[in-house]
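Asks: Below are the structure tokens for one structure; questions will follow.
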2 protein chains.
Amino acid sequence: MLDSTDLKILDQLSKNSRITMKELGDYVHLTGQAAAARVVKLEDQGIIEGYTINVNQVKMGYLVHAFITIFTKNTNHQPYLEFVKGEKEWVINNYKISGNGCYLLECQFPSHERLDDFLVELNQWANYQLSIVIHPHKV
Amino acid sequence: MLDSTDLKILDQLSKNSRITMKELGDYVHLTGQAAAARVVKLEDQGIIEGYTINVNQVKMGYLVHAFITIFTKNTNHQPYLEFVKGEKEWVINNYKISGNGCYLLECQFPSHERLDDFLVELNQWANYQLSIVIHPHKV
DNA sequence: TTAAATCCTTTCATTCTTAAAGTAAAAACA
DNA sequence: TGTTTTTACTTTAAGAATGAAAGGATTTAA
């Protein structure tokens, strides 16, 4: 399905999605047009889902990054899920999980005060276990 | 520091980082040249850290997404950290955390068999608590 | 063996980018 | 207060990249 050229293209676009198709072509020994055609195919296959940027969240004022393990208070998760839906400003991901807890909620906040405000609200709908990220260490 | 035009630019690039500077300029009522200059400034400020793609990990064969809370076996974390460094194929992020556990390890695997292989190795250096993602629900 | 499909290149018109010069408004300074 | 500097933008124009079309080579299917 995917050959080594496709994998190189994905690798290169992961590192710099604004590269020109000509440069991308040079990298995989194809013309820009051929590289562009492969990229369109990867998009059509749904392998490339989108093009985005990495933003420095600390410089954007989000100093606190937290993972919160959620234990909903009753079997109906809807109140919790509605709460999360209304907190898009802070919530990065809400993973439904099996294991310890029902959800793993990834959030970011400008301060511990804001985190505390959030936890007070959250506690209406769920119990939780808080983990604050000290250092990201991306791999 | 950042005005509303900068925020619109970041928002637009987050949605599609391959947009032309001309289109981006149209969106914020500037010429392509002025928009490009703003983008360069955002890069220089370190607010835009990079341009990347979203890849469908399931279509790439990574069917299992897991968060593993790590409790290192002794106070020296180095053996665990060395292990993680050698497992780049599976590890997405290794967050150092305060709270429950020492690290939160985000991983992906093609199968539960591969996950099991990983856990057996991991268990040489750390105890762990496993959470498998059932549904991502990005916000 | 022929027909169709796939994947690539070449060509060329169109569009985008980049650099330079110029303008206007705001900020810094005497 | 008046002058200079800086900042942010536009316009212009050359150079580079893109996208569409035509064509060739190789593989797949009939």
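The chains in the structure tokens are called A, B, ... from first to last as shown; in each chain the residues are counted from 1, and the ligands are counted from 1 in the order shown.
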Can you tell me, as a PyMOL selection string, what residues are no more than 10 Å from D:DA22 when counting only C-alpha atoms (C1' of nucleotides), ignoring any on the same chain fewer than 2 positions away?
Replies: (chain C and resi 10-11) or (chain D and resi 20+24)
Asks: Got time to write the residues from that selection, all heavy atoms, as a PDB file, in the first residue's frame?
Replies:
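In the end it all went to out.pdb:
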ATOM      1  P    DT C  10      12.283  15.241 -17.402  1.00  0.00           P
ATOM      2  OP1  DT C  10      13.607  14.960 -17.981  1.00  0.00           O
ATOM      3  OP2  DT C  10      12.161  15.952 -16.120  1.00  0.00           O
ATOM      4  O5'  DT C  10      11.409  16.030 -18.487  1.00  0.00           O
ATOM      5  C5'  DT C  10      11.125  15.434 -19.747  1.00  0.00           C
ATOM      6  C4'  DT C  10      10.137  16.304 -20.524  1.00  0.00           C
ATOM      7  O4'  DT C  10       8.820  16.184 -19.919  1.00  0.00           O
ATOM      8  C3'  DT C  10      10.467  17.798 -20.548  1.00  0.00           C
ATOM      9  O3'  DT C  10      10.530  18.238 -21.897  1.00  0.00           O
ATOM     10  C2'  DT C  10       9.332  18.455 -19.771  1.00  0.00           C
ATOM     11  C1'  DT C  10       8.202  17.445 -19.909  1.00  0.00           C
ATOM     12  N1   DT C  10       7.233  17.420 -18.790  1.00  0.00           N
ATOM     13  C2   DT C  10       5.889  17.531 -19.065  1.00  0.00           C
ATOM     14  O2   DT C  10       5.450  17.659 -20.190  1.00  0.00           O
ATOM     15  N3   DT C  10       5.075  17.474 -17.966  1.00  0.00           N
ATOM     16  C4   DT C  10       5.449  17.321 -16.643  1.00  0.00           C
ATOM     17  O4   DT C  10       4.623  17.279 -15.751  1.00  0.00           O
ATOM     18  C5   DT C  10       6.876  17.223 -16.421  1.00  0.00           C
ATOM     19  C7   DT C  10       7.401  17.061 -15.037  1.00  0.00           C
ATOM     20  C6   DT C  10       7.688  17.271 -17.488  1.00  0.00           C
ATOM     21  P    DT C  11      11.045  19.707 -22.257  1.00  0.00           P
ATOM     22  OP1  DT C  11      11.610  19.618 -23.612  1.00  0.00           O
ATOM     23  OP2  DT C  11      11.825  20.240 -21.117  1.00  0.00           O
ATOM     24  O5'  DT C  11       9.683  20.536 -22.359  1.00  0.00           O
ATOM     25  C5'  DT C  11       8.654  20.116 -23.265  1.00  0.00           C
ATOM     26  C4'  DT C  11       7.406  20.961 -23.056  1.00  0.00           C
ATOM     27  O4'  DT C  11       6.739  20.570 -21.831  1.00  0.00           O
ATOM     28  C3'  DT C  11       7.662  22.468 -22.945  1.00  0.00           C
ATOM     29  O3'  DT C  11       6.868  23.119 -23.920  1.00  0.00           O
ATOM     30  C2'  DT C  11       7.233  22.814 -21.524  1.00  0.00           C
ATOM     31  C1'  DT C  11       6.210  21.728 -21.226  1.00  0.00           C
ATOM     32  N1   DT C  11       5.985  21.401 -19.790  1.00  0.00           N
ATOM     33  C2   DT C  11       4.692  21.279 -19.350  1.00  0.00           C
ATOM     34  O2   DT C  11       3.725  21.439 -20.067  1.00  0.00           O
ATOM     35  N3   DT C  11       4.581  20.964 -18.011  1.00  0.00           N
ATOM     36  C4   DT C  11       5.606  20.763 -17.109  1.00  0.00           C
ATOM     37  O4   DT C  11       5.369  20.487 -15.950  1.00  0.00           O
ATOM     38  C5   DT C  11       6.933  20.905 -17.648  1.00  0.00           C
ATOM     39  C7   DT C  11       8.118  20.714 -16.753  1.00  0.00           C
ATOM     40  C6   DT C  11       7.058  21.213 -18.944  1.00  0.00           C
TER      41       DT C  11
ATOM     42  P    DA D  20      -5.212  21.770 -11.653  1.00  0.00           P
ATOM     43  OP1  DA D  20      -6.519  22.244 -11.161  1.00  0.00           O
ATOM     44  OP2  DA D  20      -4.665  20.483 -11.176  1.00  0.00           O
ATOM     45  O5'  DA D  20      -5.249  21.740 -13.245  1.00  0.00           O
ATOM     46  C5'  DA D  20      -5.076  22.948 -13.983  1.00  0.00           C
ATOM     47  C4'  DA D  20      -4.718  22.622 -15.417  1.00  0.00           C
ATOM     48  O4'  DA D  20      -3.277  22.490 -15.540  1.00  0.00           O
ATOM     49  C3'  DA D  20      -5.324  21.315 -15.933  1.00  0.00           C
ATOM     50  O3'  DA D  20      -5.795  21.518 -17.254  1.00  0.00           O
ATOM     51  C2'  DA D  20      -4.153  20.335 -15.887  1.00  0.00           C
ATOM     52  C1'  DA D  20      -2.966  21.265 -16.177  1.00  0.00           C
ATOM     53  N9   DA D  20      -1.694  20.807 -15.634  1.00  0.00           N
ATOM     54  C8   DA D  20      -1.467  20.169 -14.446  1.00  0.00           C
ATOM     55  N7   DA D  20      -0.189  19.895 -14.233  1.00  0.00           N
ATOM     56  C5   DA D  20       0.449  20.386 -15.354  1.00  0.00           C
ATOM     57  C6   DA D  20       1.802  20.410 -15.747  1.00  0.00           C
ATOM     58  N6   DA D  20       2.790  19.907 -15.008  1.00  0.00           N
ATOM     59  N1   DA D  20       2.103  20.984 -16.927  1.00  0.00           N
ATOM     60  C2   DA D  20       1.115  21.493 -17.672  1.00  0.00           C
ATOM     61  N3   DA D  20      -0.196  21.524 -17.414  1.00  0.00           N
ATOM     62  C4   DA D  20      -0.460  20.951 -16.223  1.00  0.00           C
ATOM     63  P    DG D  24       5.175  10.022 -26.977  1.00  0.00           P
ATOM     64  OP1  DG D  24       6.003  10.368 -28.141  1.00  0.00           O
ATOM     65  OP2  DG D  24       3.895   9.272 -27.145  1.00  0.00           O
ATOM     66  O5'  DG D  24       6.081   9.210 -25.947  1.00  0.00           O
ATOM     67  C5'  DG D  24       7.130   9.881 -25.237  1.00  0.00           C
ATOM     68  C4'  DG D  24       7.554   9.022 -24.062  1.00  0.00           C
ATOM     69  O4'  DG D  24       6.574   9.142 -22.994  1.00  0.00           O
ATOM     70  C3'  DG D  24       7.650   7.531 -24.395  1.00  0.00           C
ATOM     71  O3'  DG D  24       8.786   6.982 -23.752  1.00  0.00           O
ATOM     72  C2'  DG D  24       6.359   6.953 -23.820  1.00  0.00           C
ATOM     73  C1'  DG D  24       6.153   7.852 -22.605  1.00  0.00           C
ATOM     74  N9   DG D  24       4.763   7.959 -22.158  1.00  0.00           N
ATOM     75  C8   DG D  24       3.659   8.255 -22.924  1.00  0.00           C
ATOM     76  N7   DG D  24       2.548   8.285 -22.231  1.00  0.00           N
ATOM     77  C5   DG D  24       2.951   7.993 -20.941  1.00  0.00           C
ATOM     78  C6   DG D  24       2.180   7.886 -19.743  1.00  0.00           C
ATOM     79  O6   DG D  24       0.968   8.030 -19.596  1.00  0.00           O
ATOM     80  N1   DG D  24       2.991   7.564 -18.658  1.00  0.00           N
ATOM     81  C2   DG D  24       4.348   7.383 -18.698  1.00  0.00           C
ATOM     82  N2   DG D  24       4.942   7.085 -17.550  1.00  0.00           N
ATOM     83  N3   DG D  24       5.067   7.491 -19.805  1.00  0.00           N
ATOM     84  C4   DG D  24       4.307   7.790 -20.877  1.00  0.00           C
TER      85       DG D  24
END
Asks: What residues in chain B have any atom no more than 8 Å from chain A when counting only C-alpha atoms, and can you write them as a PyMOL selection string?
Replies: chain B and resi 13-18+46-57+59-60+85+88+91-100+129-139
Asks: Counting only C-alpha atoms (C1' of nucleotides), collect the residues of chain A whose closest atom lies at most 10 Å from chain C, and write them out as a PyMOL selection string.
Replies: chain A and resi 30-31+33-34+37-38
Asks: May I have the selected residues written with N, CA and C atoms, as a compact mmCIF listing (two decimals), in the first residue's frame?
Replies:
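File produced: selection.txt:
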# COMPACT_ATOMS: atom_id res chain seq x y z
N LEU A 30 12.06 12.68 -7.21
CA LEU A 30 10.94 12.77 -8.14
C LEU A 30 10.80 14.23 -8.54
N THR A 31 10.04 14.49 -9.59
CA THR A 31 9.72 15.88 -9.91
C THR A 31 8.72 16.40 -8.88
N GLN A 33 5.94 17.73 -9.46
CA GLN A 33 4.59 17.28 -9.87
C GLN A 33 4.28 15.87 -9.39
N ALA A 34 5.28 14.98 -9.51
CA ALA A 34 5.07 13.59 -9.07
C ALA A 34 4.92 13.53 -7.54
N ALA A 37 1.50 14.75 -6.63
CA ALA A 37 0.48 13.72 -6.92
C ALA A 37 0.43 12.67 -5.82
N ARG A 38 1.61 12.29 -5.32
CA ARG A 38 1.65 11.31 -4.21
C ARG A 38 1.00 11.89 -2.96
Asks: Could you list, as a short mmCIF file (atom, residue, chain, number, x, y, z; two decimals) with C-alpha atoms (C1' of nucleotides), in the first residue's frame, the residues of chain D having an atom within 12 Å of chain A when counting only C-alpha atoms (C1' of nucleotides)?
Replies:
data_model
loop_
_atom_site.label_atom_id
_atom_site.label_comp_id
_atom_site.auth_asym_id
_atom_site.auth_seq_id
_atom_site.Cartn_x
_atom_site.Cartn_y
_atom_site.Cartn_z
"C1'" DA D 16 10.24 30.37 -8.52
"C1'" DA D 17 6.58 27.11 -7.82
"C1'" DT D 18 2.24 25.23 -9.11
"C1'" DG D 19 -1.23 22.94 -11.84
"C1'" DA D 20 -2.97 21.26 -16.18
#
Asks: Which of stretch 11-67 of chain B end up as helix (DSSP H, G or I) when DSSP is run on this backbone - answer as a ChimeraX atom specification?
Replies: /B:11-15,21-27,32-44
Asks: So what do you get for atom CA of B:Tyr62 versus atom CA of B:Phe109, distance-wise?
Replies: 5.1 Å
Asks: Could you tell me how far atom CA of A:Gln78 lies from atom CA of B:Val64, in Å and to one decimal?
Replies: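 Computing the Euclidean distance for atom CA of A:Gln78 and atom CA of B:Val64 yields 25.5 Å.
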Asks: Step one, run DSSP on the backbone; step two, keep only residues of stretch 2-95 of chain A assigned to strand (DSSP E); then write them as an MDAnalysis selection string.
Replies: chainID A and resid 48:55 64:72 91:95
Asks: Calculate how many Å separate atom C1' of D:DA25 from atom CA of A:Asp44, rounding to one decimal.
Replies: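 Atom-to-atom, atom C1' of D:DA25 to atom CA of A:Asp44, that is 25.6 Å.
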Asks: Which neighbours of B:Ala126 fall inside 6 Å, counting only C-alpha atoms (C1' of nucleotides), when residues of the same chain fewer than 5 positions from it are skipped, and could you give them as a ChimeraX atom specification?
Replies: /B:71-73
